[in-house]
Amino acid sequence: MDMEKFGELMKAKEPGPWPEFEGIRYPPAPPFREKGVEKALQDILHFQSRESDLLICTYPKSGTHWIFEIINMLLRNKTELDTQCKVSTMIEFISDFTVLDKLESPRLLNSHCLFNYLPKKHIENGCKIIHMIRNPKDVCVSLYYQFKKHPFVDFKGSWDDFFEIWMSDKGFYGSWYNYEKEMEKAEKLYPGMILTCYYEKMKKDSTTEIKRLADFLGIQCTESTLKDIAYATSFQNMQQHNMHKLDSSKELDGKGFIYRKGEIGDWKNHFTVAQNERFEEQYTERFKDSTYKLTFE
Ligand code: A3P
C-alpha cells in the first residue's frame, strides 16, 4: 500500500471504540475491529516469518517512522525516502497477511505489540529485532497529539485528561513500563538478537547511531552514505516529504501528528510541575531496575 492509498483509508474510517484484551487497550485498527483483539493477536503469533525478516519493535510514538526509513535506506542501499508507508508492513494493522507474501526479502516489518505477542517463528528463528526507545515524557506528549488527531481514535479530552489516561496505563498497547521491561527481559533472554536504539542518541548523533545499526545488520556503508542517510531522514526532510502524503490529520489544523515536532524535551511545554512530580515518582518506582538509561533533554 502506498502512502496516498493509506491516507485515503484513514479518511474513510469512522472513529471506533477502543478494543481491549487482558486489560490492555488497542487502537481501533481494522484487524482489531474486524477479528477482535484475541484473534488478531493469535494471527500475529502464528505469522509465517521468513528467516530474512527484520522486525522493528517500538512502543507507539518512539520514532518508528524514522527508524523504518533509516533501515530501509540501509537495506536497499539508497538515500531517498520510500514511497511505501511503514504502516503497510505494520503486522497488527494488516487483516490479510498474504499482502506481505508479495514483498521481496528482506522484508522490513514493524509492530507495537508486546514482545510475547510477536510472531513466534521470528523469535524461534533468532531473526533480528530493532527496538527504538524514547524517554516516556516525550512519548506521552506525542501520544496525546495522536489521540487528539488520529481519525481512528475517538478522544476529545484535554491534555490533563490524557495525562491521567497515561498514568493509569490506559493508552494503547498497555503501559510504557510493561512494554519496555518485556523488551529488556527479551534482550537478556536472546543475546544478540535485539538492538536497542535510543531516540535521543539518534537525534543528537545520527551518523554514529546509523553506523551502529548498519553494523548490527551486517551492512557495509561509507561515511558519506551514512551522512546522506542522516540528512535524508532528518526531521525537516521527512516532514517536508512525507507529511502531505501520509498524515491525513494535518487537514485539521495544517499540522499533523506523525511529523509533529520531532524534538527532545517538548514535555516541558505540557507537564505542570505537579504532573512532573507524579510522573517522576512513578518512573522512579517502576523503572528503577532497568538498565535502559534515558535522557529527557
Ligand atoms: P513528536 O510527536 O514528539 O513530534 P512514531 O513514528 O513512532 O509514531 O513516532 C512519532 C514521533 O517521532 C513524533 O514525535 C515525530 O515527530 C517523531 N519523528 C518522526 N520522524 C522523525 C525524525 N526524522 N526525526 C526526529 N523525530 C521524528
# chains A, B, ... in the order shown; residues from 1 in each chain; ligands from 1
call {"tool": "residues_near_ligand", "arguments": {"ligand": "ligand 1", "cutoff": "8 Å", "atoms": "only C-alpha atoms and all ligand atoms", "output": "JSON, numbers by chain"}}
result
{"A": [58, 59, 60, 61, 62, 63, 64, 65, 66, 67, 138, 139, 141, 142, 143, 145, 146, 199, 203, 233, 234, 235, 236, 237, 238, 239, 257, 258, 259, 260, 261, 262, 263, 264, 266]}
call {"tool": "closest_atom_pairs", "arguments": {"of": "region 99-207 of chain A", "to": "region 283-292 of chain A", "cutoff": "9 Å", "atoms": "only C-alpha atoms", "output": "JSON lines"}}
result
{"residue": "A:Ile133", "atom": "CA", "partner": "A:Tyr292", "partner_atom": "CA", "distance": 8.7}
{"residue": "A:Pro136", "atom": "CA", "partner": "A:Tyr283", "partner_atom": "CA", "distance": 8.7}
{"residue": "A:Tyr177", "atom": "CA", "partner": "A:Arg286", "partner_atom": "CA", "distance": 6.9}
{"residue": "A:Glu180", "atom": "CA", "partner": "A:Tyr292", "partner_atom": "CA", "distance": 8.8}
{"residue": "A:Lys181", "atom": "CA", "partner": "A:Ser290", "partner_atom": "CA", "distance": 7.3}
{"residue": "A:Glu184", "atom": "CA", "partner": "A:Ser290", "partner_atom": "CA", "distance": 7.8}
call {"tool": "select_by_dssp", "arguments": {"residues": "region 46-287 of chain A", "states": "strand (DSSP E or B)", "output": "CSV table (one decimal) with C-alpha atoms, in the first residue's frame"}}
result
chain,number,residue,atom,x,y,z
A,54,LEU,CA,13.6,-7.8,10.1
A,55,LEU,CA,11.3,-6.5,12.8
A,56,ILE,CA,11.2,-3.0,14.2
A,57,CYS,CA,9.6,-3.1,17.7
A,58,THR,CA,8.6,0.1,19.4
A,84,GLN,CA,5.8,2.8,0.9
A,90,MET,CA,2.9,-3.0,10.5
A,108,LEU,CA,11.1,-4.9,7.0
A,109,LEU,CA,8.2,-5.4,9.3
A,110,ASN,CA,7.1,-3.5,12.4
A,111,SER,CA,4.9,-3.8,15.4
A,129,ILE,CA,14.8,-7.1,16.1
A,130,ILE,CA,15.5,-3.4,16.1
A,131,HIS,CA,14.0,-1.8,19.2
A,132,MET,CA,13.7,2.0,19.4
A,133,ILE,CA,13.1,3.5,22.9
A,153,VAL,CA,-9.4,7.4,17.8
A,172,PHE,CA,-2.8,1.9,23.6
A,194,ILE,CA,17.8,-7.3,19.6
A,195,LEU,CA,19.4,-4.0,19.0
A,196,THR,CA,18.1,-1.1,21.2
A,197,CYS,CA,18.4,2.4,19.7
A,198,TYR,CA,17.7,5.5,21.7
call {"tool": "select_by_dssp", "arguments": {"residues": "region 45-176 of chain A", "states": "helix (DSSP H, G or I)", "output": "PyMOL selection string"}}
result
chain A and resi 45+64-76+86-89+91-93+98-101+115-117+120-124+136-149+159-167+176
call {"tool": "closest_residue", "arguments": {"among": "A:Thr272, A:Gln220, A:Thr89, A:Thr295", "to": "Leu75 (chain A)", "atoms": "only C-alpha atoms"}}
result
A:Gln220
call {"tool": "closest_atom_pairs", "arguments": {"of": "region 169-253 of chain A", "to": "region 17-25 of chain A", "cutoff": "9 Å", "atoms": "only C-alpha atoms", "output": "Markdown table"}}
result
| residue | atom | partner | partner_atom | distance |
| --- | --- | --- | --- | --- |
| A:Asp169 | CA | A:Ile24 | CA | 8.3 |
| A:Lys170 | CA | A:Arg25 | CA | 6.5 |
| A:Gly171 | CA | A:Arg25 | CA | 6.6 |
| A:Phe172 | CA | A:Arg25 | CA | 5.0 |
| A:Tyr173 | CA | A:Arg25 | CA | 5.7 |
| A:Gly174 | CA | A:Ile24 | CA | 4.8 |
| A:Ser175 | CA | A:Ile24 | CA | 8.2 |
call {"tool": "residues_around", "arguments": {"residues": "Leu41 (chain A)", "least_positions_apart": "5", "cutoff": "9 Å", "atoms": "only C-alpha atoms", "output": "CSV table (one decimal) with N, CA, C and O atoms, in the first residue's frame"}}
result
chain,number,residue,atom,x,y,z
A,32,PHE,N,-8.2,-5.4,14.5
A,32,PHE,CA,-8.7,-5.5,15.9
A,32,PHE,C,-10.2,-5.3,15.9
A,32,PHE,O,-11.0,-5.9,16.7
A,36,GLY,N,-11.5,-9.0,16.3
A,36,GLY,CA,-11.4,-9.0,17.7
A,36,GLY,C,-10.0,-9.1,18.1
A,36,GLY,O,-9.2,-9.7,17.3
A,46,HIS,N,1.1,-16.5,15.0
A,46,HIS,CA,1.3,-17.6,14.0
A,46,HIS,C,1.7,-17.1,12.6
A,46,HIS,O,1.7,-17.8,11.7
A,92,GLU,N,0.1,-5.7,13.0
A,92,GLU,CA,-1.2,-5.7,13.6
A,92,GLU,C,-2.2,-4.8,12.9
A,92,GLU,O,-3.4,-4.8,13.2
A,113,CYS,N,3.3,-4.4,19.3
A,113,CYS,CA,2.7,-5.4,20.2
A,113,CYS,C,3.8,-5.8,21.2
A,113,CYS,O,5.0,-5.7,20.9
A,117,TYR,N,3.7,-11.2,22.2
A,117,TYR,CA,2.8,-11.4,21.0
A,117,TYR,C,3.4,-11.3,19.7
A,117,TYR,O,2.7,-11.2,18.7
A,118,LEU,N,4.7,-11.2,19.6
A,118,LEU,CA,5.4,-11.1,18.3
A,118,LEU,C,5.4,-12.5,17.7
A,118,LEU,O,5.3,-13.5,18.4
call {"tool": "residues_around", "arguments": {"residues": "Phe163 (chain A)", "least_positions_apart": "2", "cutoff": "9 Å", "atoms": "only C-alpha atoms", "output": "mmCIF file with C-alpha atoms, in the first residue's frame"}}
result
data_model
loop_
_atom_site.group_PDB
_atom_site.id
_atom_site.type_symbol
_atom_site.label_atom_id
_atom_site.label_comp_id
_atom_site.auth_asym_id
_atom_site.auth_seq_id
_atom_site.Cartn_x
_atom_site.Cartn_y
_atom_site.Cartn_z
ATOM 1 C CA CYS A 140 3.343 10.688 26.476
ATOM 2 C CA VAL A 141 3.048 14.140 24.859
ATOM 3 C CA TYR A 144 -1.593 12.842 23.339
ATOM 4 C CA SER A 158 -7.702 17.808 27.224
ATOM 5 C CA TRP A 159 -4.015 17.315 27.967
ATOM 6 C CA ASP A 160 -4.906 16.858 31.660
ATOM 7 C CA ASP A 161 -7.377 14.111 30.704
ATOM 8 C CA ILE A 165 -5.016 8.014 30.853
ATOM 9 C CA TRP A 166 -1.241 7.605 30.660
ATOM 10 C CA MET A 167 -0.764 7.455 34.424
ATOM 11 C CA SER A 168 -3.350 4.681 34.700
ATOM 12 C CA PHE A 271 3.672 18.978 32.020
ATOM 13 C CA GLN A 275 2.263 16.397 36.860
#
call {"tool": "residues_around", "arguments": {"residues": "Leu213 (chain A)", "least_positions_apart": "3", "cutoff": "8 Å", "atoms": "only C-alpha atoms", "output": "JSON, numbers by chain"}}
result
{"A": [71, 195, 209, 210, 216, 217]}
call {"tool": "atom_distance", "arguments": {"atom1": "CA of Ala40 (chain A)", "atom2": "CA of Ser95 (chain A)"}}
result
8.1 Å
call {"tool": "closest_residue", "arguments": {"among": "A:Pro27, A:Gln42, A:Cys127, A:Thr79", "to": "Ala232 (chain A)", "atoms": "only C-alpha atoms"}}
result
A:Thr79
call {"tool": "atom_distance", "arguments": {"atom1": "CA of Glu124 (chain A)", "atom2": "CA of Gly218 (chain A)"}}
result
20.3 Å
call {"tool": "decode", "arguments": {"residues": "region 72-113 of chain A", "atoms": "N, CA and C atoms", "output": "PDB file, in the first residue's frame"}}
result
ATOM      1  N   ASN A  72      15.373   1.053   6.011  1.00  0.00           N
ATOM      2  CA  ASN A  72      15.014   0.828   4.617  1.00  0.00           C
ATOM      3  C   ASN A  72      16.125   1.324   3.687  1.00  0.00           C
ATOM      4  N   MET A  73      16.670   2.476   3.990  1.00  0.00           N
ATOM      5  CA  MET A  73      17.756   3.019   3.159  1.00  0.00           C
ATOM      6  C   MET A  73      18.993   2.132   3.246  1.00  0.00           C
ATOM      7  N   LEU A  74      19.308   1.677   4.459  1.00  0.00           N
ATOM      8  CA  LEU A  74      20.483   0.808   4.624  1.00  0.00           C
ATOM      9  C   LEU A  74      20.303  -0.484   3.830  1.00  0.00           C
ATOM     10  N   LEU A  75      19.105  -1.064   3.927  1.00  0.00           N
ATOM     11  CA  LEU A  75      18.852  -2.351   3.261  1.00  0.00           C
ATOM     12  C   LEU A  75      18.870  -2.234   1.748  1.00  0.00           C
ATOM     13  N   ARG A  76      18.292  -1.143   1.248  1.00  0.00           N
ATOM     14  CA  ARG A  76      18.149  -1.004  -0.216  1.00  0.00           C
ATOM     15  C   ARG A  76      19.298  -0.196  -0.821  1.00  0.00           C
ATOM     16  N   ASN A  77      20.247   0.203   0.029  1.00  0.00           N
ATOM     17  CA  ASN A  77      21.402   0.965  -0.444  1.00  0.00           C
ATOM     18  C   ASN A  77      20.978   2.216  -1.220  1.00  0.00           C
ATOM     19  N   LYS A  78      20.119   2.992  -0.638  1.00  0.00           N
ATOM     20  CA  LYS A  78      19.668   4.222  -1.297  1.00  0.00           C
ATOM     21  C   LYS A  78      19.534   5.340  -0.261  1.00  0.00           C
ATOM     22  N   THR A  79      19.390   6.549  -0.735  1.00  0.00           N
ATOM     23  CA  THR A  79      19.268   7.656   0.216  1.00  0.00           C
ATOM     24  C   THR A  79      18.026   8.504  -0.075  1.00  0.00           C
ATOM     25  N   GLU A  80      17.051   7.882  -0.741  1.00  0.00           N
ATOM     26  CA  GLU A  80      15.773   8.594  -0.938  1.00  0.00           C
ATOM     27  C   GLU A  80      14.718   7.981  -0.021  1.00  0.00           C
ATOM     28  N   LEU A  81      13.789   8.813   0.410  1.00  0.00           N
ATOM     29  CA  LEU A  81      12.700   8.315   1.250  1.00  0.00           C
ATOM     30  C   LEU A  81      11.809   7.385   0.441  1.00  0.00           C
ATOM     31  N   ASP A  82      11.234   6.412   1.126  1.00  0.00           N
ATOM     32  CA  ASP A  82      10.439   5.389   0.441  1.00  0.00           C
ATOM     33  C   ASP A  82       9.050   5.912   0.095  1.00  0.00           C
ATOM     34  N   THR A  83       8.462   5.325  -0.931  1.00  0.00           N
ATOM     35  CA  THR A  83       7.076   5.688  -1.247  1.00  0.00           C
ATOM     36  C   THR A  83       6.106   4.788  -0.479  1.00  0.00           C
ATOM     37  N   GLN A  84       6.637   3.704   0.098  1.00  0.00           N
ATOM     38  CA  GLN A  84       5.797   2.821   0.910  1.00  0.00           C
ATOM     39  C   GLN A  84       5.688   3.408   2.310  1.00  0.00           C
ATOM     40  N   CYS A  85       4.516   3.285   2.865  1.00  0.00           N
ATOM     41  CA  CYS A  85       4.314   3.801   4.204  1.00  0.00           C
ATOM     42  C   CYS A  85       4.664   2.696   5.197  1.00  0.00           C
ATOM     43  N   LYS A  86       5.272   3.041   6.329  1.00  0.00           N
ATOM     44  CA  LYS A  86       5.660   1.993   7.287  1.00  0.00           C
ATOM     45  C   LYS A  86       4.434   1.221   7.789  1.00  0.00           C
ATOM     46  N   VAL A  87       3.282   1.860   7.749  1.00  0.00           N
ATOM     47  CA  VAL A  87       2.071   1.174   8.214  1.00  0.00           C
ATOM     48  C   VAL A  87       1.732  -0.003   7.293  1.00  0.00           C
ATOM     49  N   SER A  88       2.231   0.034   6.063  1.00  0.00           N
ATOM     50  CA  SER A  88       1.916  -1.061   5.142  1.00  0.00           C
ATOM     51  C   SER A  88       2.596  -2.366   5.562  1.00  0.00           C
ATOM     52  N   THR A  89       3.595  -2.285   6.454  1.00  0.00           N
ATOM     53  CA  THR A  89       4.208  -3.532   6.960  1.00  0.00           C
ATOM     54  C   THR A  89       4.085  -3.625   8.492  1.00  0.00           C
ATOM     55  N   MET A  90       3.089  -2.930   9.019  1.00  0.00           N
ATOM     56  CA  MET A  90       2.851  -2.983  10.462  1.00  0.00           C
ATOM     57  C   MET A  90       1.909  -4.161  10.730  1.00  0.00           C
ATOM     58  N   ILE A  91       2.433  -5.217  11.329  1.00  0.00           N
ATOM     59  CA  ILE A  91       1.730  -6.505  11.321  1.00  0.00           C
ATOM     60  C   ILE A  91       0.303  -6.397  11.862  1.00  0.00           C
ATOM     61  N   GLU A  92       0.140  -5.691  12.979  1.00  0.00           N
ATOM     62  CA  GLU A  92      -1.198  -5.689  13.594  1.00  0.00           C
ATOM     63  C   GLU A  92      -2.210  -4.798  12.864  1.00  0.00           C
ATOM     64  N   PHE A  93      -1.760  -4.085  11.836  1.00  0.00           N
ATOM     65  CA  PHE A  93      -2.695  -3.268  11.048  1.00  0.00           C
ATOM     66  C   PHE A  93      -3.092  -3.981   9.755  1.00  0.00           C
ATOM     67  N   ILE A  94      -2.619  -5.225   9.589  1.00  0.00           N
ATOM     68  CA  ILE A  94      -2.877  -5.933   8.330  1.00  0.00           C
ATOM     69  C   ILE A  94      -3.876  -7.067   8.579  1.00  0.00           C
ATOM     70  N   SER A  95      -5.018  -7.000   7.908  1.00  0.00           N
ATOM     71  CA  SER A  95      -6.050  -8.009   8.125  1.00  0.00           C
ATOM     72  C   SER A  95      -5.698  -9.312   7.418  1.00  0.00           C
ATOM     73  N   ASP A  96      -5.096  -9.203   6.246  1.00  0.00           N
ATOM     74  CA  ASP A  96      -4.800 -10.394   5.462  1.00  0.00           C
ATOM     75  C   ASP A  96      -3.298 -10.388   5.122  1.00  0.00           C
ATOM     76  N   PHE A  97      -2.569 -11.310   5.751  1.00  0.00           N
ATOM     77  CA  PHE A  97      -1.106 -11.294   5.623  1.00  0.00           C
ATOM     78  C   PHE A  97      -0.598 -11.640   4.223  1.00  0.00           C
ATOM     79  N   THR A  98      -1.490 -12.123   3.356  1.00  0.00           N
ATOM     80  CA  THR A  98      -0.993 -12.512   2.016  1.00  0.00           C
ATOM     81  C   THR A  98      -0.416 -11.292   1.280  1.00  0.00           C
ATOM     82  N   VAL A  99      -0.828 -10.072   1.679  1.00  0.00           N
ATOM     83  CA  VAL A  99      -0.242  -8.894   1.018  1.00  0.00           C
ATOM     84  C   VAL A  99       1.272  -8.822   1.264  1.00  0.00           C
ATOM     85  N   LEU A 100       1.710  -9.424   2.374  1.00  0.00           N
ATOM     86  CA  LEU A 100       3.144  -9.387   2.688  1.00  0.00           C
ATOM     87  C   LEU A 100       3.937 -10.440   1.908  1.00  0.00           C
ATOM     88  N   ASP A 101       3.200 -11.457   1.370  1.00  0.00           N
ATOM     89  CA  ASP A 101       3.872 -12.512   0.590  1.00  0.00           C
ATOM     90  C   ASP A 101       4.554 -11.931  -0.647  1.00  0.00           C
ATOM     91  N   LYS A 102       3.973 -10.841  -1.139  1.00  0.00           N
ATOM     92  CA  LYS A 102       4.489 -10.278  -2.406  1.00  0.00           C
ATOM     93  C   LYS A 102       5.788  -9.492  -2.205  1.00  0.00           C
ATOM     94  N   LEU A 103       6.109  -9.177  -0.961  1.00  0.00           N
ATOM     95  CA  LEU A 103       7.296  -8.346  -0.724  1.00  0.00           C
ATOM     96  C   LEU A 103       8.577  -9.148  -0.903  1.00  0.00           C
ATOM     97  N   GLU A 104       9.573  -8.476  -1.505  1.00  0.00           N
ATOM     98  CA  GLU A 104      10.845  -9.189  -1.660  1.00  0.00           C
ATOM     99  C   GLU A 104      11.615  -9.191  -0.334  1.00  0.00           C
ATOM    100  N   SER A 105      12.474 -10.194  -0.180  1.00  0.00           N
ATOM    101  CA  SER A 105      13.282 -10.299   1.038  1.00  0.00           C
ATOM    102  C   SER A 105      14.492  -9.375   0.921  1.00  0.00           C
ATOM    103  N   PRO A 106      15.002  -8.868   2.004  1.00  0.00           N
ATOM    104  CA  PRO A 106      14.479  -8.985   3.363  1.00  0.00           C
ATOM    105  C   PRO A 106      13.295  -8.034   3.586  1.00  0.00           C
ATOM    106  N   ARG A 107      12.240  -8.581   4.194  1.00  0.00           N
ATOM    107  CA  ARG A 107      11.083  -7.736   4.493  1.00  0.00           C
ATOM    108  C   ARG A 107      11.356  -6.958   5.781  1.00  0.00           C
ATOM    109  N   LEU A 108      10.941  -5.703   5.773  1.00  0.00           N
ATOM    110  CA  LEU A 108      11.102  -4.877   6.973  1.00  0.00           C
ATOM    111  C   LEU A 108       9.725  -4.681   7.599  1.00  0.00           C
ATOM    112  N   LEU A 109       9.465  -5.439   8.667  1.00  0.00           N
ATOM    113  CA  LEU A 109       8.150  -5.411   9.317  1.00  0.00           C
ATOM    114  C   LEU A 109       8.237  -4.574  10.594  1.00  0.00           C
ATOM    115  N   ASN A 110       7.092  -4.205  11.123  1.00  0.00           N
ATOM    116  CA  ASN A 110       7.127  -3.459  12.391  1.00  0.00           C
ATOM    117  C   ASN A 110       5.883  -3.717  13.203  1.00  0.00           C
ATOM    118  N   SER A 111       6.029  -3.507  14.506  1.00  0.00           N
ATOM    119  CA  SER A 111       4.900  -3.767  15.406  1.00  0.00           C
ATOM    120  C   SER A 111       5.081  -3.014  16.724  1.00  0.00           C
ATOM    121  N   HIS A 112       3.931  -2.672  17.333  1.00  0.00           N
ATOM    122  CA  HIS A 112       3.952  -2.100  18.691  1.00  0.00           C
ATOM    123  C   HIS A 112       3.515  -3.140  19.719  1.00  0.00           C
ATOM    124  N   CYS A 113       3.257  -4.360  19.271  1.00  0.00           N
ATOM    125  CA  CYS A 113       2.743  -5.362  20.214  1.00  0.00           C
ATOM    126  C   CYS A 113       3.807  -5.753  21.240  1.00  0.00           C
TER     127      CYS A 113
END
